[in-house]
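protein.csv, holding CSV, C-alpha atoms:
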```csv
chain,number,residue,atom,x,y,z
A,1,MET,CA,-32.1,-61.9,-6.6
A,2,ASP,CA,-29.0,-60.2,-5.1
A,3,LYS,CA,-28.6,-58.2,-8.3
A,4,VAL,CA,-32.2,-56.9,-8.0
A,5,ASN,CA,-31.9,-56.1,-4.3
A,6,ALA,CA,-28.5,-54.4,-4.5
A,7,PRO,CA,-29.6,-51.2,-6.2
A,8,VAL,CA,-32.6,-51.0,-3.9
A,9,GLY,CA,-30.4,-51.3,-0.9
A,10,GLY,CA,-28.1,-48.7,-2.4
A,11,HIS,CA,-30.9,-46.3,-3.0
A,12,GLN,CA,-32.2,-46.9,0.5
A,13,ALA,CA,-28.8,-46.0,2.0
A,14,ILE,CA,-28.6,-42.8,-0.1
A,15,ALA,CA,-32.1,-41.9,1.0
A,16,ASN,CA,-31.2,-42.5,4.7
A,17,ALA,CA,-28.1,-40.4,4.3
A,18,ARG,CA,-30.1,-37.6,2.8
A,19,ARG,CA,-32.7,-37.8,5.6
A,20,LEU,CA,-29.9,-37.7,8.1
A,21,GLY,CA,-28.3,-34.7,6.5
A,22,THR,CA,-31.6,-32.9,6.3
A,23,SER,CA,-32.4,-33.7,10.0
A,24,LEU,CA,-29.0,-32.4,11.1
A,25,ARG,CA,-29.4,-29.2,9.1
A,26,LYS,CA,-32.9,-28.6,10.6
A,27,LYS,CA,-31.5,-29.3,14.1
A,28,ARG,CA,-28.7,-26.8,13.5
A,29,ILE,CA,-31.2,-24.2,12.2
A,30,ARG,CA,-33.4,-24.7,15.3
A,31,LYS,CA,-30.4,-24.4,17.6
A,32,PHE,CA,-29.3,-21.2,15.9
A,33,VAL,CA,-32.8,-19.7,15.9
A,34,GLY,CA,-33.0,-20.6,19.6
A,35,ASN,CA,-29.9,-18.5,20.3
A,36,LYS,CA,-31.5,-15.0,20.6
A,37,LEU,CA,-28.2,-13.2,20.7
A,38,ALA,CA,-27.0,-14.9,17.6
A,39,VAL,CA,-30.2,-14.0,15.7
A,40,PHE,CA,-29.9,-10.4,17.0
A,41,GLY,CA,-26.3,-10.4,15.7
A,42,LEU,CA,-27.2,-11.7,12.3
A,43,ALA,CA,-30.0,-9.1,12.0
A,44,VAL,CA,-27.7,-6.3,12.9
A,45,ILE,CA,-25.1,-7.5,10.4
A,46,VAL,CA,-27.7,-7.7,7.6
A,47,VAL,CA,-28.9,-4.1,8.4
A,48,PHE,CA,-25.3,-2.8,8.3
A,49,LEU,CA,-24.6,-4.6,5.0
A,50,PHE,CA,-27.9,-3.3,3.5
A,51,MET,CA,-27.2,0.3,4.6
A,52,ALA,CA,-23.6,0.1,3.2
A,53,LEU,CA,-24.6,-1.4,-0.1
A,54,PHE,CA,-27.5,1.0,-0.7
A,55,ALA,CA,-26.0,4.1,0.9
A,56,PRO,CA,-26.5,6.3,-2.3
A,57,PHE,CA,-30.2,5.6,-2.1
A,58,LEU,CA,-30.5,6.2,1.7
A,59,THR,CA,-29.1,9.7,1.9
A,60,PRO,CA,-29.0,12.7,-0.4
A,61,TYR,CA,-25.7,14.0,0.8
A,62,ASP,CA,-22.1,13.5,-0.4
A,63,PRO,CA,-19.9,12.1,2.4
A,64,LEU,CA,-16.9,14.2,1.2
A,65,GLU,CA,-18.5,17.5,0.3
A,66,PRO,CA,-18.0,20.1,3.0
A,67,ASN,CA,-20.7,22.7,4.0
A,68,PHE,CA,-19.0,25.3,6.2
A,69,GLY,CA,-22.3,26.9,6.9
A,70,GLN,CA,-23.5,23.8,8.8
A,71,THR,CA,-20.5,22.9,10.9
A,72,LEU,CA,-21.0,21.0,14.2
A,73,LYS,CA,-24.8,21.0,14.1
A,74,GLY,CA,-26.7,18.8,16.4
A,75,PRO,CA,-29.3,16.2,15.3
A,76,SER,CA,-32.2,17.6,13.3
A,77,ALA,CA,-34.7,16.6,10.7
A,78,GLU,CA,-32.2,17.7,8.0
A,79,HIS,CA,-29.2,16.0,9.5
A,80,TRP,CA,-30.4,13.0,11.7
A,81,PHE,CA,-27.0,12.5,13.5
A,82,GLY,CA,-25.8,16.1,13.1
A,83,THR,CA,-22.7,17.3,11.2
A,84,ASP,CA,-19.0,17.3,11.7
A,85,SER,CA,-16.4,20.1,11.9
A,86,MET,CA,-16.6,20.5,8.1
A,87,GLY,CA,-20.4,20.4,7.9
A,88,ARG,CA,-20.6,16.9,6.4
A,89,ASP,CA,-23.6,14.8,7.4
A,90,LEU,CA,-22.7,12.2,10.0
A,91,TYR,CA,-25.4,9.8,9.0
A,92,THR,CA,-24.1,9.8,5.4
A,93,ARG,CA,-20.5,9.3,6.5
A,94,VAL,CA,-21.5,6.4,8.8
A,95,LEU,CA,-23.2,4.7,5.8
A,96,TYR,CA,-20.3,5.2,3.4
A,97,GLY,CA,-17.8,4.5,6.2
A,98,ALA,CA,-19.4,1.1,6.7
A,99,ARG,CA,-18.6,0.2,3.2
A,100,VAL,CA,-14.8,0.6,3.6
A,101,SER,CA,-14.5,-0.5,7.2
A,102,ILE,CA,-16.5,-3.7,6.6
A,103,LEU,CA,-14.7,-4.3,3.3
A,104,ILE,CA,-11.3,-4.1,5.0
A,105,ALA,CA,-12.3,-6.4,7.8
A,106,VAL,CA,-14.0,-9.1,5.7
A,107,SER,CA,-11.3,-9.0,3.0
A,108,SER,CA,-8.5,-9.2,5.5
A,109,SER,CA,-10.1,-12.0,7.4
A,110,LEU,CA,-10.7,-14.1,4.2
A,111,ILE,CA,-7.2,-13.6,2.9
A,112,ALA,CA,-5.5,-14.2,6.2
A,113,ASN,CA,-7.4,-17.3,6.8
A,114,ALA,CA,-6.8,-18.6,3.3
A,115,ILE,CA,-3.1,-18.2,3.9
A,116,GLY,CA,-3.4,-19.9,7.2
A,117,VAL,CA,-5.3,-22.8,5.7
A,118,VAL,CA,-2.8,-23.4,2.9
A,119,MET,CA,0.2,-23.2,5.2
A,120,GLY,CA,-1.5,-25.3,7.9
A,121,ALA,CA,-2.5,-27.9,5.3
A,122,PHE,CA,1.0,-28.3,4.0
A,123,GLY,CA,2.6,-28.3,7.4
A,124,GLY,CA,0.2,-30.6,9.1
A,125,TYR,CA,0.0,-33.1,6.2
A,126,PHE,CA,3.7,-33.3,5.1
A,127,GLY,CA,5.3,-32.7,8.5
A,128,GLY,CA,9.1,-32.9,8.6
A,129,TRP,CA,11.3,-30.0,7.8
A,130,LEU,CA,8.5,-28.1,6.0
A,131,ASP,CA,6.3,-28.2,9.1
A,132,LYS,CA,9.2,-27.2,11.4
A,133,GLY,CA,10.0,-24.2,9.1
A,134,LEU,CA,6.3,-23.0,9.0
A,135,VAL,CA,6.0,-23.4,12.8
A,136,ARG,CA,9.2,-21.3,13.3
A,137,LEU,CA,7.8,-18.7,11.0
A,138,SER,CA,4.5,-18.5,12.8
A,139,GLU,CA,6.4,-18.2,16.1
A,140,LEU,CA,8.4,-15.4,14.7
A,141,PHE,CA,5.2,-13.5,13.8
A,142,ALA,CA,3.8,-14.3,17.3
A,143,CYS,CA,6.8,-12.8,19.0
A,144,PHE,CA,5.6,-9.3,18.3
A,145,PRO,CA,2.1,-7.9,18.8
A,146,GLN,CA,0.3,-7.7,15.5
A,147,LEU,CA,-0.6,-4.1,15.9
A,148,ILE,CA,3.1,-3.2,16.3
A,149,ILE,CA,4.0,-5.0,13.1
A,150,VAL,CA,1.2,-3.3,11.3
A,151,LEU,CA,2.2,0.1,12.5
A,152,VAL,CA,5.8,-0.3,11.5
A,153,VAL,CA,4.9,-1.6,8.0
A,154,MET,CA,2.2,1.0,7.4
A,155,ALA,CA,4.7,3.7,8.4
A,156,PHE,CA,7.0,2.5,5.5
A,157,ILE,CA,4.4,1.8,2.8
A,158,GLY,CA,1.9,4.6,3.7
A,159,PRO,CA,-1.8,4.6,4.4
A,160,GLY,CA,-4.3,3.1,1.9
A,161,THR,CA,-7.2,0.6,1.8
A,162,PHE,CA,-5.3,-2.0,-0.2
A,163,ASN,CA,-2.1,-1.5,1.9
A,164,LEU,CA,-4.1,-2.1,5.1
A,165,ILE,CA,-5.8,-5.2,3.8
A,166,LEU,CA,-2.4,-6.6,2.6
A,167,VAL,CA,-0.7,-5.9,6.0
A,168,PHE,CA,-3.6,-7.4,8.0
A,169,ALA,CA,-3.6,-10.5,5.8
A,170,ILE,CA,0.2,-11.0,6.0
A,171,THR,CA,0.2,-10.7,9.8
A,172,GLY,CA,-3.1,-12.4,10.7
A,173,TRP,CA,-2.7,-16.0,9.5
A,174,THR,CA,-0.9,-17.6,12.5
A,175,GLY,CA,-4.0,-18.4,14.5
A,176,THR,CA,-5.7,-20.2,11.6
A,177,PHE,CA,-2.4,-21.9,10.7
A,178,ARG,CA,-2.1,-23.5,14.2
A,179,LEU,CA,-5.7,-24.7,14.2
A,180,VAL,CA,-5.6,-26.2,10.6
A,181,ARG,CA,-2.2,-27.7,11.2
A,182,ALA,CA,-3.5,-29.6,14.3
A,183,GLU,CA,-6.6,-30.8,12.4
A,184,TYR,CA,-4.5,-32.1,9.4
A,185,MET,CA,-2.0,-33.8,11.7
A,186,SER,CA,-5.0,-35.7,13.3
A,187,LYS,CA,-7.0,-36.5,10.2
A,188,LYS,CA,-4.1,-37.6,8.0
A,189,GLU,CA,-3.9,-40.8,10.1
A,190,GLU,CA,-7.6,-41.7,9.5
A,191,THR,CA,-8.6,-44.7,7.4
A,192,TYR,CA,-10.2,-42.8,4.5
A,193,VAL,CA,-7.0,-40.8,4.0
A,194,LYS,CA,-4.9,-44.0,4.0
A,195,ALA,CA,-7.3,-45.5,1.5
A,196,CYS,CA,-6.9,-42.6,-0.8
A,197,GLU,CA,-3.2,-42.8,-0.6
A,198,ALA,CA,-3.3,-46.6,-1.3
A,199,PHE,CA,-5.4,-46.0,-4.4
A,200,GLY,CA,-2.7,-43.5,-5.7
A,201,MET,CA,-4.6,-40.3,-5.3
A,202,SER,CA,-2.3,-37.3,-5.4
A,203,ARG,CA,-1.4,-35.6,-2.1
A,204,LEU,CA,-2.8,-32.2,-3.2
A,205,LYS,CA,-6.2,-33.8,-4.0
A,206,ILE,CA,-6.2,-35.6,-0.6
A,207,MET,CA,-5.3,-32.3,1.2
A,208,PHE,CA,-7.8,-30.1,-0.5
A,209,PHE,CA,-10.6,-32.4,-1.7
A,210,GLN,CA,-10.7,-35.0,1.1
A,211,ILE,CA,-9.4,-33.5,4.3
A,212,LEU,CA,-10.2,-29.8,3.8
A,213,PRO,CA,-14.0,-30.2,3.7
A,214,SER,CA,-13.9,-31.7,7.2
A,215,VAL,CA,-11.9,-28.7,8.4
A,216,MET,CA,-14.1,-26.0,6.9
A,217,THR,CA,-16.2,-25.7,10.0
A,218,THR,CA,-13.1,-24.6,12.0
A,219,VAL,CA,-12.1,-22.2,9.2
A,220,ILE,CA,-15.6,-20.6,8.8
A,221,ILE,CA,-15.8,-20.0,12.6
A,222,GLN,CA,-12.3,-18.5,12.5
A,223,VAL,CA,-13.1,-16.1,9.6
A,224,THR,CA,-16.2,-14.9,11.5
A,225,MET,CA,-14.4,-14.4,14.8
A,226,ASN,CA,-11.5,-12.5,13.2
A,227,ILE,CA,-13.7,-9.8,11.6
A,228,PRO,CA,-14.4,-7.7,14.8
A,229,GLY,CA,-10.6,-7.5,15.5
A,230,TYR,CA,-9.9,-6.1,12.1
A,231,VAL,CA,-12.8,-3.6,12.4
A,232,MET,CA,-11.2,-2.4,15.7
A,233,SER,CA,-7.7,-2.4,14.2
A,234,GLU,CA,-8.8,-0.3,11.2
A,235,ALA,CA,-10.5,2.2,13.5
A,236,GLY,CA,-7.5,2.5,15.7
A,237,LEU,CA,-5.0,2.8,12.9
A,238,SER,CA,-7.1,5.3,11.0
A,239,PHE,CA,-7.5,7.3,14.2
A,240,LEU,CA,-3.7,7.5,14.5
A,241,GLY,CA,-3.4,8.4,10.9
A,242,PHE,CA,-1.8,5.1,9.8
A,243,GLY,CA,-4.9,3.4,8.3
A,244,VAL,CA,-6.6,4.8,5.2
A,245,PRO,CA,-6.3,8.4,3.9
A,246,MET,CA,-8.4,11.0,5.6
A,247,SER,CA,-10.2,11.6,2.3
A,248,THR,CA,-11.7,8.1,2.5
A,249,PRO,CA,-14.7,7.9,4.8
A,250,THR,CA,-14.4,5.1,7.3
A,251,TRP,CA,-15.4,4.7,10.9
A,252,GLY,CA,-11.8,5.2,11.9
A,253,THR,CA,-11.3,8.4,9.9
A,254,MET,CA,-14.5,9.8,11.4
A,255,LEU,CA,-13.0,9.3,14.9
A,256,ASN,CA,-9.8,10.9,13.7
A,257,ALA,CA,-11.8,14.0,12.7
A,258,ALA,CA,-13.1,14.3,16.3
A,259,LYS,CA,-9.7,14.6,18.0
A,260,SER,CA,-9.9,18.3,18.8
A,261,MET,CA,-10.9,19.4,22.3
A,262,LYS,CA,-13.6,21.6,20.9
A,263,VAL,CA,-15.3,18.7,19.2
A,264,LEU,CA,-14.9,16.3,22.2
A,265,LEU,CA,-16.5,18.8,24.6
A,266,TYR,CA,-19.2,20.6,22.5
A,267,ALA,CA,-20.0,18.2,19.7
A,268,PRO,CA,-20.0,14.7,21.2
A,269,GLY,CA,-22.0,13.3,18.3
A,270,VAL,CA,-19.0,13.6,16.0
A,271,TRP,CA,-17.2,10.8,17.9
A,272,LEU,CA,-20.2,9.1,19.5
A,273,VAL,CA,-21.9,8.2,16.2
A,274,PRO,CA,-18.9,6.3,14.7
A,275,GLY,CA,-18.0,4.9,18.1
A,276,CYS,CA,-21.6,3.4,18.5
A,277,ALA,CA,-21.5,2.1,14.9
A,278,ILE,CA,-18.2,0.3,15.6
A,279,SER,CA,-19.4,-1.1,19.0
A,280,LEU,CA,-22.7,-2.3,17.6
A,281,PHE,CA,-21.2,-4.0,14.6
A,282,VAL,CA,-18.4,-5.7,16.6
A,283,LEU,CA,-20.9,-6.8,19.2
A,284,ALA,CA,-23.2,-8.2,16.5
A,285,VAL,CA,-20.4,-10.1,14.8
A,286,ASN,CA,-19.3,-11.6,18.1
A,287,PHE,CA,-22.8,-12.7,19.0
A,288,PHE,CA,-23.2,-14.2,15.5
A,289,GLY,CA,-19.8,-15.9,15.6
A,290,ASP,CA,-20.5,-17.4,19.0
A,291,GLY,CA,-23.8,-18.8,17.8
A,292,LEU,CA,-22.3,-20.1,14.6
A,293,ARG,CA,-19.6,-21.9,16.7
A,294,ASP,CA,-22.2,-23.5,19.0
A,295,VAL,CA,-24.1,-24.8,15.9
A,296,MET,CA,-21.3,-25.9,13.7
A,297,ASP,CA,-18.7,-27.2,16.1
A,298,PRO,CA,-19.2,-31.0,16.5
A,299,ARG,CA,-17.9,-30.8,20.1
A,300,GLN,CA,-20.9,-28.5,20.9
A,301,GLN,CA,-23.5,-30.9,19.5
```
Would you write the structure of this file as structure tokens?
Amino acid sequence: MDKVNAPVGGHQAIANARRLGTSLRKKRIRKFVGNKLAVFGLAVIVVFLFMALFAPFLTPYDPLEPNFGQTLKGPSAEHWFGTDSMGRDLYTRVLYGARVSILIAVSSSLIANAIGVVMGAFGGYFGGWLDKGLVRLSELFACFPQLIIVLVVMAFIGPGTFNLILVFAITGWTGTFRLVRAEYMSKKEETYVKACEAFGMSRLKIMFFQILPSVMTTVIIQVTMNIPGYVMSEAGLSFLGFGVPMSTPTWGTMLNAAKSMKVLLYAPGVWLVPGCAISLFVLAVNFFGDGLRDVMDPRQQ
């Protein structure tokens, strides 16, 4: 009789677990949808991504081709946002600029957080001299403002999209490292980890297949919250001439092209358009990140 009932009980437990997971997922979706600012942020992000991906189909103009007969024109039916000092359509440059600016921000955040996760996992799980060395390294990076380090490195290696992503990733891992390290130091003492060790499971499998899934909520939130900072940093560095080359349309290089007093006074659209794009995107990602943190963080449940 026990042999007959055991599978039934097992199936029932699996069914209950599935129902619990579905219920939790529905609860989280309802909570996210109930956060109007988070929904607004997500909608704005989707619009920006759509416009960036399909930029060639949304505008007939070339973002790099000058038209000196149409310089510093105001908004019109032909040029919705006007033109810059070289006659290039601002709407077109905002669309194509979103491609590079968002690519830099997202790629930098993903790579930096991946570095932080790996280093935090090794430091938190193994402890000892390895943990002490990684902590000292993170403290060394934290001694200097990230922007100063980026400026110095970019001055040596030169502007470029790949160079900027590389520098952001190398200098932006410390926050994630500290969070993941703390999580691993706590979770490595839990019963399921000790059971895996007792059964002879390799440490790498325990770190990345047993503990890491329970830390991913923290990592996903951190990835999202880092993106606005990288958008702002790219814009600032490109404005100063240390980001990407001026020949590459980004929101930062658009601001760089608006530095002259003539443009500032008589053609405010040249700096206002990319400034509004940066502000709106950063605000949207922050709203979305806050909503995601409220939904996914177990301490917020």
Near segment 150-167 of chain A, 7 Å: segment 190-301 of chain A residue rows, closest pairs, all atoms listed in the file, as JSON lines:
```
{"residue": "A:Phe242", "atom": "CA", "partner": "A:Pro159", "partner_atom": "CA", "distance": 5.4}
{"residue": "A:Gly243", "atom": "CA", "partner": "A:Pro159", "partner_atom": "CA", "distance": 5.1}
{"residue": "A:Val244", "atom": "CA", "partner": "A:Gly160", "partner_atom": "CA", "distance": 4.4}
{"residue": "A:Pro245", "atom": "CA", "partner": "A:Pro159", "partner_atom": "CA", "distance": 5.9}
```
Write a file of the selected residues as a short mmCIF file (atom, residue, chain, number, x, y, z; two decimals), keeping the file's coordinate frame, keeping C-alpha atoms.
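This is the output file again_15.cif:
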```cif
data_model
loop_
_atom_site.label_atom_id
_atom_site.label_comp_id
_atom_site.auth_asym_id
_atom_site.auth_seq_id
_atom_site.Cartn_x
_atom_site.Cartn_y
_atom_site.Cartn_z
CA PHE A 242 -1.80 5.10 9.80
CA GLY A 243 -4.90 3.40 8.30
CA VAL A 244 -6.60 4.80 5.20
CA PRO A 245 -6.30 8.40 3.90
#
```
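Using only C-alpha atoms, the shortest contact distance between Leu237 of chain A and any of A:Thr176, A:Ser107, A:Gln210, A:Thr250 is found at A:Thr250.
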Would you mind listing what lies within 10 Å of Gly252 of chain A as an mmCIF file with C-alpha atoms, in the coordinates of the input, with all atoms listed in the file counted and same-chain residues fewer than 4 positions away left out?
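out_30.cif written:
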```cif
data_model
loop_
_atom_site.group_PDB
_atom_site.id
_atom_site.type_symbol
_atom_site.label_atom_id
_atom_site.label_comp_id
_atom_site.auth_asym_id
_atom_site.auth_seq_id
_atom_site.Cartn_x
_atom_site.Cartn_y
_atom_site.Cartn_z
ATOM 1 C CA GLY A 97 -17.800 4.500 6.200
ATOM 2 C CA VAL A 100 -14.800 0.600 3.600
ATOM 3 C CA SER A 101 -14.500 -0.500 7.200
ATOM 4 C CA VAL A 231 -12.800 -3.600 12.400
ATOM 5 C CA MET A 232 -11.200 -2.400 15.700
ATOM 6 C CA SER A 233 -7.700 -2.400 14.200
ATOM 7 C CA GLU A 234 -8.800 -0.300 11.200
ATOM 8 C CA ALA A 235 -10.500 2.200 13.500
ATOM 9 C CA GLY A 236 -7.500 2.500 15.700
ATOM 10 C CA LEU A 237 -5.000 2.800 12.900
ATOM 11 C CA SER A 238 -7.100 5.300 11.000
ATOM 12 C CA PHE A 239 -7.500 7.300 14.200
ATOM 13 C CA LEU A 240 -3.700 7.500 14.500
ATOM 14 C CA GLY A 241 -3.400 8.400 10.900
ATOM 15 C CA GLY A 243 -4.900 3.400 8.300
ATOM 16 C CA VAL A 244 -6.600 4.800 5.200
ATOM 17 C CA MET A 246 -8.400 11.000 5.600
ATOM 18 C CA THR A 248 -11.700 8.100 2.500
ATOM 19 C CA ASN A 256 -9.800 10.900 13.700
ATOM 20 C CA ALA A 257 -11.800 14.000 12.700
ATOM 21 C CA TRP A 271 -17.200 10.800 17.900
ATOM 22 C CA PRO A 274 -18.900 6.300 14.700
ATOM 23 C CA GLY A 275 -18.000 4.900 18.100
ATOM 24 C CA ILE A 278 -18.200 0.300 15.600
#
```
Q) atom CA of Asn286 of chain A and atom CA of Gly41 of chain A are how many Å apart? A) 7.5 Å
Q: For the point (-0.1, -25.6, 1.0) in the file's frame, write as a ChimeraX atom specification all residues with an atom no more than 12 Å away, counting only C-alpha atoms.
A: /A:114-127,130-131,134,177,180-181,184,203-208,212
Q | Nearest candidate to Ile111 of chain A (options A:Val33, A:Leu137, A:Ile170, A:Val193; using only C-alpha atoms) | A |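 Among A:Val33, A:Leu137, A:Ile170, A:Val193, it is A:Ile170 that comes nearest to Ile111 of chain A.
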Q. Atom CA of Met51 of chain A and atom CA of Ala98 of chain A, how far apart in Å?
A.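 Straight-line distance from atom CA of Ala98 of chain A to atom CA of Met51 of chain A works out to 8.1 Å.
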(Q) Would you pick out the contacts of Leu58 of chain A at 12 Å or less, using only C-alpha atoms, so that residues sharing its chain but fewer than 6 positions from it are not included, and give the list as a PyMOL selection string? (A) chain A and resi 50-52+91-96
**Q.** Proximity to Val273 of chain A - best of A:Leu42, A:Leu255, A:Leu140, A:Ile148, all atoms listed in the file
**A.** A:Leu255
Q: Go through A:Lys194, A:Lys259, A:Phe40, A:Tyr61 one by one, measure the shortest atom-to-atom distance of each to Trp80 of chain A using all atoms listed in the file, and give the residue with the smallest value.
A: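 Of the candidates, the smallest distance to Trp80 of chain A is held by A:Tyr61.
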Q) When you draw a straight line from atom CA of Leu265 of chain A to atom CA of Ile102 of chain A, how long is it in Å? A)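 Atom-to-atom, atom CA of Leu265 of chain A to atom CA of Ile102 of chain A, that is 28.8 Å.
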Q | Nearest residue to Thr174 of chain A from the set A:Glu139, A:Glu65, A:Glu197, A:Asp89 (distances using all atoms listed in the file) | A |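 The closest residue to Thr174 of chain A is A:Glu139.
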Taking 2 positions as the minimum chain separation for residues in the same chain, which residues sit within 8 Å of Gly269 of chain A when counting all atoms listed in the file? Answer as a PDB file with C-alpha atoms, keeping the file's coordinate frame.
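To be explicit, this is the file written out as out13.pdb:
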```
ATOM      1  CA  GLY A  74     -26.700  18.800  16.400  1.00  0.00           C
ATOM      2  CA  PHE A  81     -27.000  12.500  13.500  1.00  0.00           C
ATOM      3  CA  GLY A  82     -25.800  16.100  13.100  1.00  0.00           C
ATOM      4  CA  ALA A 267     -20.000  18.200  19.700  1.00  0.00           C
ATOM      5  CA  TRP A 271     -17.200  10.800  17.900  1.00  0.00           C
ATOM      6  CA  LEU A 272     -20.200   9.100  19.500  1.00  0.00           C
ATOM      7  CA  VAL A 273     -21.900   8.200  16.200  1.00  0.00           C
TER       8      VAL A 273
END
```
